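Notes for the one structure printed next.
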Amino acid sequence: MKAPAAPTKAPPHDPPHAAALEVLRRVFGYDAFRGEQGEIIAHLVGAGDALVLMPTGGGKSLCYQVPSLLREGCGIVVSPLIALMHDQVAALRQAGVRAAALNSTLSARDARAVEAALLAGELDLLYVAPERAVTPGFLELLDRARIALIAIDEAHCVSQWGHDFRPEYLQLATLHERFPDAPRIALTATADPLTRQEIVERLALRDARVFVASFDRPNIRYTIVDRNDPRAQLLRFIGDGHRGHCGIVYCLSRRKVDDTAAWLLENGVRALPYHAGMDAAARTRNQSRFQSEEGIVIVATIAFGMGIDKPDVRFVAHFDLPKSVEGYYQETGRAGRDGLAADAWMAYGLADVVQQRRLIEASDADDAYKRVSSAKLDALLGLCETAGCRRVRLLAYFGQASVPCGNCDNCLHPPQTWDATEAARMALSAIFRTGQRFGVVHLIDVLRGKDTERVRRWNHAALGVFGVGAGTDEHTWRSVFRQLIALGYVRIEHGAHGALQLDESSREVLRGERAVQLRSDVRAKGSARRGARRRSGAGSGAASGAVDPGQLDARDAELLEKLKSWRSGQSREQSVPAYVVLHDATLVEIARTRPGHADALAGVAGIGARKLERYGEELLEIVRTAT
Ligand code: ADP
Ligand code: ZN
């Protein structure tokens, strides 16, 4: 019993690429495919299986949405997060796509209505939670429906080693066994080879064509600052270009999340906390406010993440060091999915290194795990301390070669380096002479010749190194120690005190056989660093041809505000997040180009046929009446 083909499907003899472009333009309002989207879509339309590795914001959803519209039948999308499913379906419906979701939040009656629509051939896309996707009831339902393709989103959830592991994902291969003719596409933003291997094996995708996109996110500007006055630095960062923007601040501990959120709120930033220690209702409430309101800053532990596909997150700030480069990349990747300029900002200091090393040591994991964690931390420290381009370093970590980007702190303001050979020798011998039993605070006191209780107790004033570094300020000494640790010359003791110890490699430095070049930490004093923010955007936004809202002149900015407030009204009225109505990028382009008639408006990215029909008049009216 086959369902009839839906009337919107393209005739089968069309060359796939032309038909796909037509759908892209008419339904989604975009001009051209990004990266490999076009090839991926053609491959699926031709009934091939695909594994797609693409960074967050790369445009994975279109890879299965467009072929679902082109192939006969309904695209089945397995997606792990119910909240996301809801927004995706809402966004598709706005574009006139016949989409629905089946999950546990639906009443039995609503679920039956969705099933009936599927069987009647009235659905283009059906989102389903993984636990439901493998139930006998659902499989029998699919037996009676026509399936355009099967998409498995967030495919890395099959990986038992990853932190997003979902046991139900392990059973998804049954879908393939049951429906061998439906092309399958698995998608993820997790790039490492191990996870990829697991996806291929566990989802039985051995014959799938693998598409690996560049992992560069050109619109994200990376900045890593030396932490000296963290709260003030964070506030300055937000105040300086991100006031009223939506962003995420990551902290390591629950307590710090609460404190930071409260403190930001006191300072006029609309901040909300999110961590696993809060009760579930409060957490859900904060997450959904973040998702649907504008200008909310969420302060969170890394528990806050996968449920987020808000396109207009303008910044991600790390208030504590993440655990690895992968973690950093994944977390910062939540910024700027819409392709507009976004910031990834991190404040990092010596205390972070000590804390992370201790966390690794204190865990009950085995030695192999500790070694891996420790190596991962080293790679991250390398990224923090590099004087070269951050992006080059980041991409190199994922095996991708690149050239300096022009859109990171080090490219924009090349850091000064200095010959720290003498200072390094002093620091190392202070560690050695005091018996490798003291932390950085005391070592600096010794170097600077301070008369403290501890100095007296241990008679450290008698040492040759006492006071040799008095001419250098404390801040610089901290920076020296931090970099010596990051460079691997100094280790942090395994015990609880964080005593510094010499690594073998420090010998050459101590003996004066190796020179040490360190970066000088500029104490960020204010906005000088961000002066270039309103630039034309070297590499930034270029991927999508998007415009930085900061580039609008006052008159256009005013129009943008009017458009946004109209959008807020729509969003409230329809109970959908603002970005589901229209993306920021779309509003910015309208404000900048001021379309005077429907045809011009149709040319704006993000305005498809349905949105033109639904919102066109009102938008044109707002533009017309703007000064
Ligand atoms: P991912 O799932 O890979 O994180 P999405 O599918 O959510 O990314 O897409 C990210 C953003 O890019 C969305 O706002 C989407 O509308 C936009 N986008 C995707 N493909 C295109 C395209 N070809 N042209 C313009 N915008 C696109
Ligand atoms: Zn750079």
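Labels for the structure tokens follow display order: chains A, B, ..., residues from 1 in each chain, ligands from 1.
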
*Find the residues near ligand 2. Use a cut-off of 10 Å, count only C-alpha atoms and all ligand atoms, and write them as a VMD selection string.*
chain A and resid 218 221 to 223 387 to 394 402 to 414

For the selection just defined, write its residues with N, CA and C atoms to a file, as a PDB file, in the first residue's frame.
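Saved to out26.pdb:
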```
ATOM      1  N   PRO A 218      35.156  30.708   9.608  1.00  0.00           N
ATOM      2  CA  PRO A 218      35.835  31.989   9.365  1.00  0.00           C
ATOM      3  C   PRO A 218      35.211  33.182  10.079  1.00  0.00           C
ATOM      4  N   ARG A 221      35.838  34.976  15.545  1.00  0.00           N
ATOM      5  CA  ARG A 221      37.127  35.575  15.898  1.00  0.00           C
ATOM      6  C   ARG A 221      37.598  34.991  17.236  1.00  0.00           C
ATOM      7  N   TYR A 222      38.785  34.406  17.200  1.00  0.00           N
ATOM      8  CA  TYR A 222      39.327  33.792  18.420  1.00  0.00           C
ATOM      9  C   TYR A 222      40.205  34.776  19.185  1.00  0.00           C
ATOM     10  N   THR A 223      39.952  34.881  20.460  1.00  0.00           N
ATOM     11  CA  THR A 223      40.764  35.740  21.316  1.00  0.00           C
ATOM     12  C   THR A 223      41.015  35.021  22.636  1.00  0.00           C
ATOM     13  N   ALA A 387      52.175  32.332  19.803  1.00  0.00           N
ATOM     14  CA  ALA A 387      52.254  33.720  19.347  1.00  0.00           C
ATOM     15  C   ALA A 387      51.807  33.791  17.889  1.00  0.00           C
ATOM     16  N   GLY A 388      51.546  32.639  17.302  1.00  0.00           N
ATOM     17  CA  GLY A 388      51.106  32.590  15.906  1.00  0.00           C
ATOM     18  C   GLY A 388      49.586  32.598  15.806  1.00  0.00           C
ATOM     19  N   CYS A 389      49.111  32.394  14.590  1.00  0.00           N
ATOM     20  CA  CYS A 389      47.662  32.446  14.348  1.00  0.00           C
ATOM     21  C   CYS A 389      46.936  31.327  15.102  1.00  0.00           C
ATOM     22  N   ARG A 390      45.910  31.698  15.857  1.00  0.00           N
ATOM     23  CA  ARG A 390      45.145  30.694  16.628  1.00  0.00           C
ATOM     24  C   ARG A 390      44.439  29.708  15.689  1.00  0.00           C
ATOM     25  N   ARG A 391      43.901  30.239  14.597  1.00  0.00           N
ATOM     26  CA  ARG A 391      43.121  29.389  13.708  1.00  0.00           C
ATOM     27  C   ARG A 391      44.009  28.347  13.041  1.00  0.00           C
ATOM     28  N   VAL A 392      45.200  28.771  12.637  1.00  0.00           N
ATOM     29  CA  VAL A 392      46.133  27.837  12.019  1.00  0.00           C
ATOM     30  C   VAL A 392      46.392  26.680  12.986  1.00  0.00           C
ATOM     31  N   ARG A 393      46.594  27.035  14.226  1.00  0.00           N
ATOM     32  CA  ARG A 393      46.886  26.057  15.264  1.00  0.00           C
ATOM     33  C   ARG A 393      45.694  25.121  15.509  1.00  0.00           C
ATOM     34  N   LEU A 394      44.527  25.721  15.574  1.00  0.00           N
ATOM     35  CA  LEU A 394      43.301  24.972  15.828  1.00  0.00           C
ATOM     36  C   LEU A 394      43.032  23.984  14.699  1.00  0.00           C
ATOM     37  N   SER A 402      46.433  25.428   6.998  1.00  0.00           N
ATOM     38  CA  SER A 402      45.846  26.718   6.610  1.00  0.00           C
ATOM     39  C   SER A 402      46.881  27.821   6.750  1.00  0.00           C
ATOM     40  N   VAL A 403      46.516  29.013   6.329  1.00  0.00           N
ATOM     41  CA  VAL A 403      47.427  30.161   6.449  1.00  0.00           C
ATOM     42  C   VAL A 403      46.838  31.147   7.457  1.00  0.00           C
ATOM     43  N   PRO A 404      47.683  32.035   8.020  1.00  0.00           N
ATOM     44  CA  PRO A 404      47.194  32.974   9.045  1.00  0.00           C
ATOM     45  C   PRO A 404      45.912  33.679   8.607  1.00  0.00           C
ATOM     46  N   CYS A 405      44.982  33.797   9.549  1.00  0.00           N
ATOM     47  CA  CYS A 405      43.603  34.098   9.192  1.00  0.00           C
ATOM     48  C   CYS A 405      43.242  35.572   9.149  1.00  0.00           C
ATOM     49  N   GLY A 406      43.971  36.393   9.867  1.00  0.00           N
ATOM     50  CA  GLY A 406      43.573  37.797   9.909  1.00  0.00           C
ATOM     51  C   GLY A 406      42.366  38.063  10.786  1.00  0.00           C
ATOM     52  N   ASN A 407      41.845  37.043  11.428  1.00  0.00           N
ATOM     53  CA  ASN A 407      40.666  37.244  12.266  1.00  0.00           C
ATOM     54  C   ASN A 407      40.801  36.548  13.619  1.00  0.00           C
ATOM     55  N   CYS A 408      41.987  36.640  14.205  1.00  0.00           N
ATOM     56  CA  CYS A 408      42.160  36.188  15.576  1.00  0.00           C
ATOM     57  C   CYS A 408      43.015  37.247  16.281  1.00  0.00           C
ATOM     58  N   ASP A 409      43.085  37.183  17.578  1.00  0.00           N
ATOM     59  CA  ASP A 409      43.823  38.218  18.302  1.00  0.00           C
ATOM     60  C   ASP A 409      45.285  38.303  17.870  1.00  0.00           C
ATOM     61  N   ASN A 410      45.901  37.149  17.678  1.00  0.00           N
ATOM     62  CA  ASN A 410      47.323  37.174  17.332  1.00  0.00           C
ATOM     63  C   ASN A 410      47.589  37.715  15.931  1.00  0.00           C
ATOM     64  N   CYS A 411      46.651  37.470  15.013  1.00  0.00           N
ATOM     65  CA  CYS A 411      46.824  38.026  13.669  1.00  0.00           C
ATOM     66  C   CYS A 411      46.582  39.531  13.696  1.00  0.00           C
ATOM     67  N   LEU A 412      45.569  39.947  14.446  1.00  0.00           N
ATOM     68  CA  LEU A 412      45.198  41.363  14.453  1.00  0.00           C
ATOM     69  C   LEU A 412      46.189  42.207  15.240  1.00  0.00           C
ATOM     70  N   HIS A 413      46.708  41.622  16.306  1.00  0.00           N
ATOM     71  CA  HIS A 413      47.665  42.351  17.149  1.00  0.00           C
ATOM     72  C   HIS A 413      48.803  41.409  17.489  1.00  0.00           C
ATOM     73  N   PRO A 414      49.730  41.228  16.549  1.00  0.00           N
ATOM     74  CA  PRO A 414      50.787  40.237  16.793  1.00  0.00           C
ATOM     75  C   PRO A 414      51.437  40.482  18.153  1.00  0.00           C
TER      76      PRO A 414
END
```

Against ligand 1, which residues of chain A fall within 9 Å? For each one I want the closest pair of atoms and the distance in Å (one decimal), counting only C-alpha atoms and all ligand atoms, rows by chain and increasing residue number, as JSON lines.
```
{"residue": "A:Leu24", "atom": "CA", "partner": "ligand 1", "partner_atom_place_in_ligand_line": "23 (N)", "distance": 7.5}
{"residue": "A:Phe28", "atom": "CA", "partner": "ligand 1", "partner_atom_place_in_ligand_line": "16 (O)", "distance": 7.7}
{"residue": "A:Gly29", "atom": "CA", "partner": "ligand 1", "partner_atom_place_in_ligand_line": "25 (C)", "distance": 8.1}
{"residue": "A:Tyr30", "atom": "CA", "partner": "ligand 1", "partner_atom_place_in_ligand_line": "24 (N)", "distance": 4.9}
{"residue": "A:Asp31", "atom": "CA", "partner": "ligand 1", "partner_atom_place_in_ligand_line": "24 (N)", "distance": 6.4}
{"residue": "A:Ala32", "atom": "CA", "partner": "ligand 1", "partner_atom_place_in_ligand_line": "23 (N)", "distance": 5.2}
{"residue": "A:Phe33", "atom": "CA", "partner": "ligand 1", "partner_atom_place_in_ligand_line": "23 (N)", "distance": 3.8}
{"residue": "A:Arg34", "atom": "CA", "partner": "ligand 1", "partner_atom_place_in_ligand_line": "23 (N)", "distance": 4.4}
{"residue": "A:Gly35", "atom": "CA", "partner": "ligand 1", "partner_atom_place_in_ligand_line": "23 (N)", "distance": 8.0}
{"residue": "A:Gln37", "atom": "CA", "partner": "ligand 1", "partner_atom_place_in_ligand_line": "23 (N)", "distance": 7.2}
{"residue": "A:Gly38", "atom": "CA", "partner": "ligand 1", "partner_atom_place_in_ligand_line": "23 (N)", "distance": 8.6}
{"residue": "A:Leu53", "atom": "CA", "partner": "ligand 1", "partner_atom_place_in_ligand_line": "3 (O)", "distance": 8.9}
{"residue": "A:Met54", "atom": "CA", "partner": "ligand 1", "partner_atom_place_in_ligand_line": "3 (O)", "distance": 6.1}
{"residue": "A:Pro55", "atom": "CA", "partner": "ligand 1", "partner_atom_place_in_ligand_line": "3 (O)", "distance": 5.9}
{"residue": "A:Thr56", "atom": "CA", "partner": "ligand 1", "partner_atom_place_in_ligand_line": "4 (O)", "distance": 3.6}
{"residue": "A:Gly57", "atom": "CA", "partner": "ligand 1", "partner_atom_place_in_ligand_line": "4 (O)", "distance": 3.4}
{"residue": "A:Gly58", "atom": "CA", "partner": "ligand 1", "partner_atom_place_in_ligand_line": "3 (O)", "distance": 4.0}
{"residue": "A:Gly59", "atom": "CA", "partner": "ligand 1", "partner_atom_place_in_ligand_line": "6 (O)", "distance": 3.5}
{"residue": "A:Lys60", "atom": "CA", "partner": "ligand 1", "partner_atom_place_in_ligand_line": "3 (O)", "distance": 3.7}
{"residue": "A:Ser61", "atom": "CA", "partner": "ligand 1", "partner_atom_place_in_ligand_line": "6 (O)", "distance": 3.8}
{"residue": "A:Leu62", "atom": "CA", "partner": "ligand 1", "partner_atom_place_in_ligand_line": "6 (O)", "distance": 5.8}
{"residue": "A:Cys63", "atom": "CA", "partner": "ligand 1", "partner_atom_place_in_ligand_line": "6 (O)", "distance": 7.9}
{"residue": "A:Gln88", "atom": "CA", "partner": "ligand 1", "partner_atom_place_in_ligand_line": "7 (O)", "distance": 8.9}
{"residue": "A:Asp153", "atom": "CA", "partner": "ligand 1", "partner_atom_place_in_ligand_line": "2 (O)", "distance": 8.6}
{"residue": "A:Glu154", "atom": "CA", "partner": "ligand 1", "partner_atom_place_in_ligand_line": "2 (O)", "distance": 8.9}
{"residue": "A:Leu187", "atom": "CA", "partner": "ligand 1", "partner_atom_place_in_ligand_line": "3 (O)", "distance": 8.5}
{"residue": "A:Thr188", "atom": "CA", "partner": "ligand 1", "partner_atom_place_in_ligand_line": "3 (O)", "distance": 8.0}
{"residue": "A:Ala189", "atom": "CA", "partner": "ligand 1", "partner_atom_place_in_ligand_line": "3 (O)", "distance": 7.2}
{"residue": "A:Asp309", "atom": "CA", "partner": "ligand 1", "partner_atom_place_in_ligand_line": "7 (O)", "distance": 6.4}
{"residue": "A:Lys310", "atom": "CA", "partner": "ligand 1", "partner_atom_place_in_ligand_line": "7 (O)", "distance": 8.1}
{"residue": "A:Pro311", "atom": "CA", "partner": "ligand 1", "partner_atom_place_in_ligand_line": "14 (O)", "distance": 5.6}
{"residue": "A:Asp312", "atom": "CA", "partner": "ligand 1", "partner_atom_place_in_ligand_line": "14 (O)", "distance": 8.4}
{"residue": "A:Gly333", "atom": "CA", "partner": "ligand 1", "partner_atom_place_in_ligand_line": "4 (O)", "distance": 8.8}
{"residue": "A:Arg334", "atom": "CA", "partner": "ligand 1", "partner_atom_place_in_ligand_line": "4 (O)", "distance": 8.3}
{"residue": "A:Gly336", "atom": "CA", "partner": "ligand 1", "partner_atom_place_in_ligand_line": "11 (C)", "distance": 8.7}
{"residue": "A:Arg337", "atom": "CA", "partner": "ligand 1", "partner_atom_place_in_ligand_line": "10 (C)", "distance": 5.1}
{"residue": "A:Asp338", "atom": "CA", "partner": "ligand 1", "partner_atom_place_in_ligand_line": "14 (O)", "distance": 4.5}
{"residue": "A:Gly339", "atom": "CA", "partner": "ligand 1", "partner_atom_place_in_ligand_line": "12 (O)", "distance": 6.7}
{"residue": "A:Ala543", "atom": "CA", "partner": "ligand 1", "partner_atom_place_in_ligand_line": "25 (C)", "distance": 8.9}
{"residue": "A:Ser544", "atom": "CA", "partner": "ligand 1", "partner_atom_place_in_ligand_line": "25 (C)", "distance": 5.9}
{"residue": "A:Gly545", "atom": "CA", "partner": "ligand 1", "partner_atom_place_in_ligand_line": "25 (C)", "distance": 8.5}
{"residue": "A:Ala546", "atom": "CA", "partner": "ligand 1", "partner_atom_place_in_ligand_line": "25 (C)", "distance": 9.0}
{"residue": "A:Tyr579", "atom": "CA", "partner": "ligand 1", "partner_atom_place_in_ligand_line": "14 (O)", "distance": 8.7}
{"residue": "A:His583", "atom": "CA", "partner": "ligand 1", "partner_atom_place_in_ligand_line": "14 (O)", "distance": 7.0}
{"residue": "A:Ala585", "atom": "CA", "partner": "ligand 1", "partner_atom_place_in_ligand_line": "14 (O)", "distance": 8.5}
{"residue": "A:Ala605", "atom": "CA", "partner": "ligand 1", "partner_atom_place_in_ligand_line": "25 (C)", "distance": 6.7}
{"residue": "A:Gly606", "atom": "CA", "partner": "ligand 1", "partner_atom_place_in_ligand_line": "16 (O)", "distance": 7.2}
```

*Using the chain letters and numbers from this document, which residues of segment 245-397 of chain A does DSSP assign to strand (DSSP E), as a PyMOL selection string?*
chain A and resi 247-250+271-274+297-300+315-318+342-348

Write a file of the just-selected residues containing N, CA and C atoms, as a PDB file, in the first residue's frame.
```
ATOM      1  N   GLY A 247      24.635  35.384  24.179  1.00  0.00           N
ATOM      2  CA  GLY A 247      25.931  34.722  24.278  1.00  0.00           C
ATOM      3  C   GLY A 247      25.940  33.618  25.334  1.00  0.00           C
ATOM      4  N   ILE A 248      27.044  32.897  25.370  1.00  0.00           N
ATOM      5  CA  ILE A 248      27.205  31.832  26.359  1.00  0.00           C
ATOM      6  C   ILE A 248      28.513  32.063  27.108  1.00  0.00           C
ATOM      7  N   VAL A 249      28.469  31.957  28.430  1.00  0.00           N
ATOM      8  CA  VAL A 249      29.688  32.039  29.234  1.00  0.00           C
ATOM      9  C   VAL A 249      29.877  30.681  29.910  1.00  0.00           C
ATOM     10  N   TYR A 250      30.987  30.039  29.630  1.00  0.00           N
ATOM     11  CA  TYR A 250      31.247  28.738  30.243  1.00  0.00           C
ATOM     12  C   TYR A 250      32.133  28.844  31.476  1.00  0.00           C
ATOM     13  N   ALA A 271      21.641  37.884  32.353  1.00  0.00           N
ATOM     14  CA  ALA A 271      22.282  36.567  32.433  1.00  0.00           C
ATOM     15  C   ALA A 271      21.418  35.572  33.199  1.00  0.00           C
ATOM     16  N   LEU A 272      21.466  34.312  32.761  1.00  0.00           N
ATOM     17  CA  LEU A 272      20.751  33.231  33.437  1.00  0.00           C
ATOM     18  C   LEU A 272      21.712  32.068  33.651  1.00  0.00           C
ATOM     19  N   PRO A 273      21.607  31.403  34.813  1.00  0.00           N
ATOM     20  CA  PRO A 273      22.492  30.255  35.049  1.00  0.00           C
ATOM     21  C   PRO A 273      21.949  28.965  34.444  1.00  0.00           C
ATOM     22  N   TYR A 274      22.825  28.026  34.209  1.00  0.00           N
ATOM     23  CA  TYR A 274      22.422  26.693  33.744  1.00  0.00           C
ATOM     24  C   TYR A 274      23.465  25.681  34.180  1.00  0.00           C
ATOM     25  N   VAL A 297      22.141  36.121  27.980  1.00  0.00           N
ATOM     26  CA  VAL A 297      23.452  35.499  28.139  1.00  0.00           C
ATOM     27  C   VAL A 297      23.279  34.338  29.107  1.00  0.00           C
ATOM     28  N   ILE A 298      23.628  33.154  28.679  1.00  0.00           N
ATOM     29  CA  ILE A 298      23.507  32.021  29.576  1.00  0.00           C
ATOM     30  C   ILE A 298      24.880  31.712  30.146  1.00  0.00           C
ATOM     31  N   VAL A 299      24.935  31.544  31.470  1.00  0.00           N
ATOM     32  CA  VAL A 299      26.187  31.184  32.121  1.00  0.00           C
ATOM     33  C   VAL A 299      26.044  29.717  32.491  1.00  0.00           C
ATOM     34  N   ALA A 300      26.954  28.880  32.016  1.00  0.00           N
ATOM     35  CA  ALA A 300      26.705  27.447  32.098  1.00  0.00           C
ATOM     36  C   ALA A 300      27.967  26.637  32.307  1.00  0.00           C
ATOM     37  N   PHE A 315      28.471  35.454  20.919  1.00  0.00           N
ATOM     38  CA  PHE A 315      29.764  35.180  21.538  1.00  0.00           C
ATOM     39  C   PHE A 315      29.707  33.968  22.452  1.00  0.00           C
ATOM     40  N   VAL A 316      30.844  33.313  22.552  1.00  0.00           N
ATOM     41  CA  VAL A 316      31.030  32.273  23.553  1.00  0.00           C
ATOM     42  C   VAL A 316      32.261  32.681  24.346  1.00  0.00           C
ATOM     43  N   ALA A 317      32.093  32.815  25.646  1.00  0.00           N
ATOM     44  CA  ALA A 317      33.217  33.226  26.488  1.00  0.00           C
ATOM     45  C   ALA A 317      33.583  32.084  27.422  1.00  0.00           C
ATOM     46  N   HIS A 318      34.850  31.753  27.461  1.00  0.00           N
ATOM     47  CA  HIS A 318      35.312  30.745  28.420  1.00  0.00           C
ATOM     48  C   HIS A 318      35.916  31.466  29.609  1.00  0.00           C
ATOM     49  N   ALA A 342      31.176  36.681  14.926  1.00  0.00           N
ATOM     50  CA  ALA A 342      30.955  36.228  16.297  1.00  0.00           C
ATOM     51  C   ALA A 342      32.312  36.122  16.983  1.00  0.00           C
ATOM     52  N   ASP A 343      32.286  36.148  18.313  1.00  0.00           N
ATOM     53  CA  ASP A 343      33.524  36.095  19.070  1.00  0.00           C
ATOM     54  C   ASP A 343      33.631  34.840  19.914  1.00  0.00           C
ATOM     55  N   ALA A 344      34.826  34.263  19.921  1.00  0.00           N
ATOM     56  CA  ALA A 344      35.151  33.222  20.886  1.00  0.00           C
ATOM     57  C   ALA A 344      36.242  33.816  21.764  1.00  0.00           C
ATOM     58  N   TRP A 345      35.922  34.021  23.001  1.00  0.00           N
ATOM     59  CA  TRP A 345      36.817  34.759  23.889  1.00  0.00           C
ATOM     60  C   TRP A 345      37.139  33.882  25.102  1.00  0.00           C
ATOM     61  N   MET A 346      38.390  33.882  25.502  1.00  0.00           N
ATOM     62  CA  MET A 346      38.731  33.084  26.675  1.00  0.00           C
ATOM     63  C   MET A 346      39.727  33.842  27.542  1.00  0.00           C
ATOM     64  N   ALA A 347      39.483  33.807  28.851  1.00  0.00           N
ATOM     65  CA  ALA A 347      40.449  34.358  29.794  1.00  0.00           C
ATOM     66  C   ALA A 347      41.133  33.163  30.443  1.00  0.00           C
ATOM     67  N   TYR A 348      42.432  33.210  30.431  1.00  0.00           N
ATOM     68  CA  TYR A 348      43.160  32.018  30.866  1.00  0.00           C
ATOM     69  C   TYR A 348      44.342  32.411  31.734  1.00  0.00           C
TER      70      TYR A 348
END
```

For Ser506 of chain A, work out the shell of residues within 8 Å, counting only C-alpha atoms and skipping chain neighbours fewer than 3 positions away, then give it as a PDB file with N, CA, C and O atoms, in the first residue's frame.
```pdb
ATOM      1  N   LEU A 428      63.461  28.670  37.173  1.00  0.00           N
ATOM      2  CA  LEU A 428      63.756  27.247  37.325  1.00  0.00           C
ATOM      3  C   LEU A 428      64.651  27.000  38.530  1.00  0.00           C
ATOM      4  O   LEU A 428      64.457  26.037  39.287  1.00  0.00           O
ATOM      5  N   TYR A 489      58.515  22.723  30.532  1.00  0.00           N
ATOM      6  CA  TYR A 489      59.749  22.742  31.330  1.00  0.00           C
ATOM      7  C   TYR A 489      59.456  22.484  32.803  1.00  0.00           C
ATOM      8  O   TYR A 489      60.288  21.996  33.546  1.00  0.00           O
ATOM      9  N   VAL A 490      58.255  22.869  33.206  1.00  0.00           N
ATOM     10  CA  VAL A 490      57.879  22.733  34.615  1.00  0.00           C
ATOM     11  C   VAL A 490      56.595  21.913  34.691  1.00  0.00           C
ATOM     12  O   VAL A 490      55.695  22.083  33.881  1.00  0.00           O
ATOM     13  N   LEU A 502      60.652  20.413  38.349  1.00  0.00           N
ATOM     14  CA  LEU A 502      61.344  20.550  37.068  1.00  0.00           C
ATOM     15  C   LEU A 502      61.147  19.321  36.202  1.00  0.00           C
ATOM     16  O   LEU A 502      61.194  18.191  36.680  1.00  0.00           O
ATOM     17  N   ASP A 503      60.939  19.563  34.945  1.00  0.00           N
ATOM     18  CA  ASP A 503      60.921  18.480  33.991  1.00  0.00           C
ATOM     19  C   ASP A 503      62.351  18.293  33.487  1.00  0.00           C
ATOM     20  O   ASP A 503      63.147  19.233  33.498  1.00  0.00           O
ATOM     21  N   VAL A 509      67.890  24.505  29.718  1.00  0.00           N
ATOM     22  CA  VAL A 509      67.639  25.919  29.980  1.00  0.00           C
ATOM     23  C   VAL A 509      68.462  26.362  31.188  1.00  0.00           C
ATOM     24  O   VAL A 509      69.147  27.387  31.165  1.00  0.00           O
ATOM     25  N   LEU A 510      68.428  25.542  32.229  1.00  0.00           N
ATOM     26  CA  LEU A 510      69.175  25.871  33.442  1.00  0.00           C
ATOM     27  C   LEU A 510      70.665  26.027  33.162  1.00  0.00           C
ATOM     28  O   LEU A 510      71.334  26.893  33.700  1.00  0.00           O
TER      29      LEU A 510
END
```

*asked:* If we count only C-alpha atoms and set the cut-off at 12 Å, which residues sit around segment 450-459 of chain A, ignoring sequence neighbours fewer than 5 positions away in its own chain? Please answer as a PyMOL selection string.
replied: chain A and resi 433-435+437-439+441-445+464-470+474

Put those residues in a file: C-alpha atoms, as a PDB file, in the first residue's frame.
```
ATOM      1  CA  ARG A 433      66.739  25.555  45.260  1.00  0.00           C
ATOM      2  CA  THR A 434      63.567  25.484  47.326  1.00  0.00           C
ATOM      3  CA  GLY A 435      63.354  21.718  46.915  1.00  0.00           C
ATOM      4  CA  ARG A 437      57.992  21.642  47.089  1.00  0.00           C
ATOM      5  CA  PHE A 438      56.379  25.058  46.651  1.00  0.00           C
ATOM      6  CA  GLY A 439      53.673  26.611  44.581  1.00  0.00           C
ATOM      7  CA  VAL A 441      53.022  32.248  45.024  1.00  0.00           C
ATOM      8  CA  HIS A 442      55.897  31.416  47.298  1.00  0.00           C
ATOM      9  CA  LEU A 443      58.340  31.040  44.424  1.00  0.00           C
ATOM     10  CA  ILE A 444      57.547  34.540  43.257  1.00  0.00           C
ATOM     11  CA  ASP A 445      57.984  35.867  46.800  1.00  0.00           C
ATOM     12  CA  GLY A 464      71.228  32.660  46.245  1.00  0.00           C
ATOM     13  CA  VAL A 465      68.040  33.154  44.225  1.00  0.00           C
ATOM     14  CA  PHE A 466      66.379  35.222  46.937  1.00  0.00           C
ATOM     15  CA  GLY A 467      65.584  38.632  45.518  1.00  0.00           C
ATOM     16  CA  VAL A 468      67.337  38.102  42.152  1.00  0.00           C
ATOM     17  CA  GLY A 469      64.087  38.861  40.377  1.00  0.00           C
ATOM     18  CA  ALA A 470      63.114  41.938  42.349  1.00  0.00           C
ATOM     19  CA  GLU A 474      54.704  39.874  39.999  1.00  0.00           C
TER      20      GLU A 474
END
```
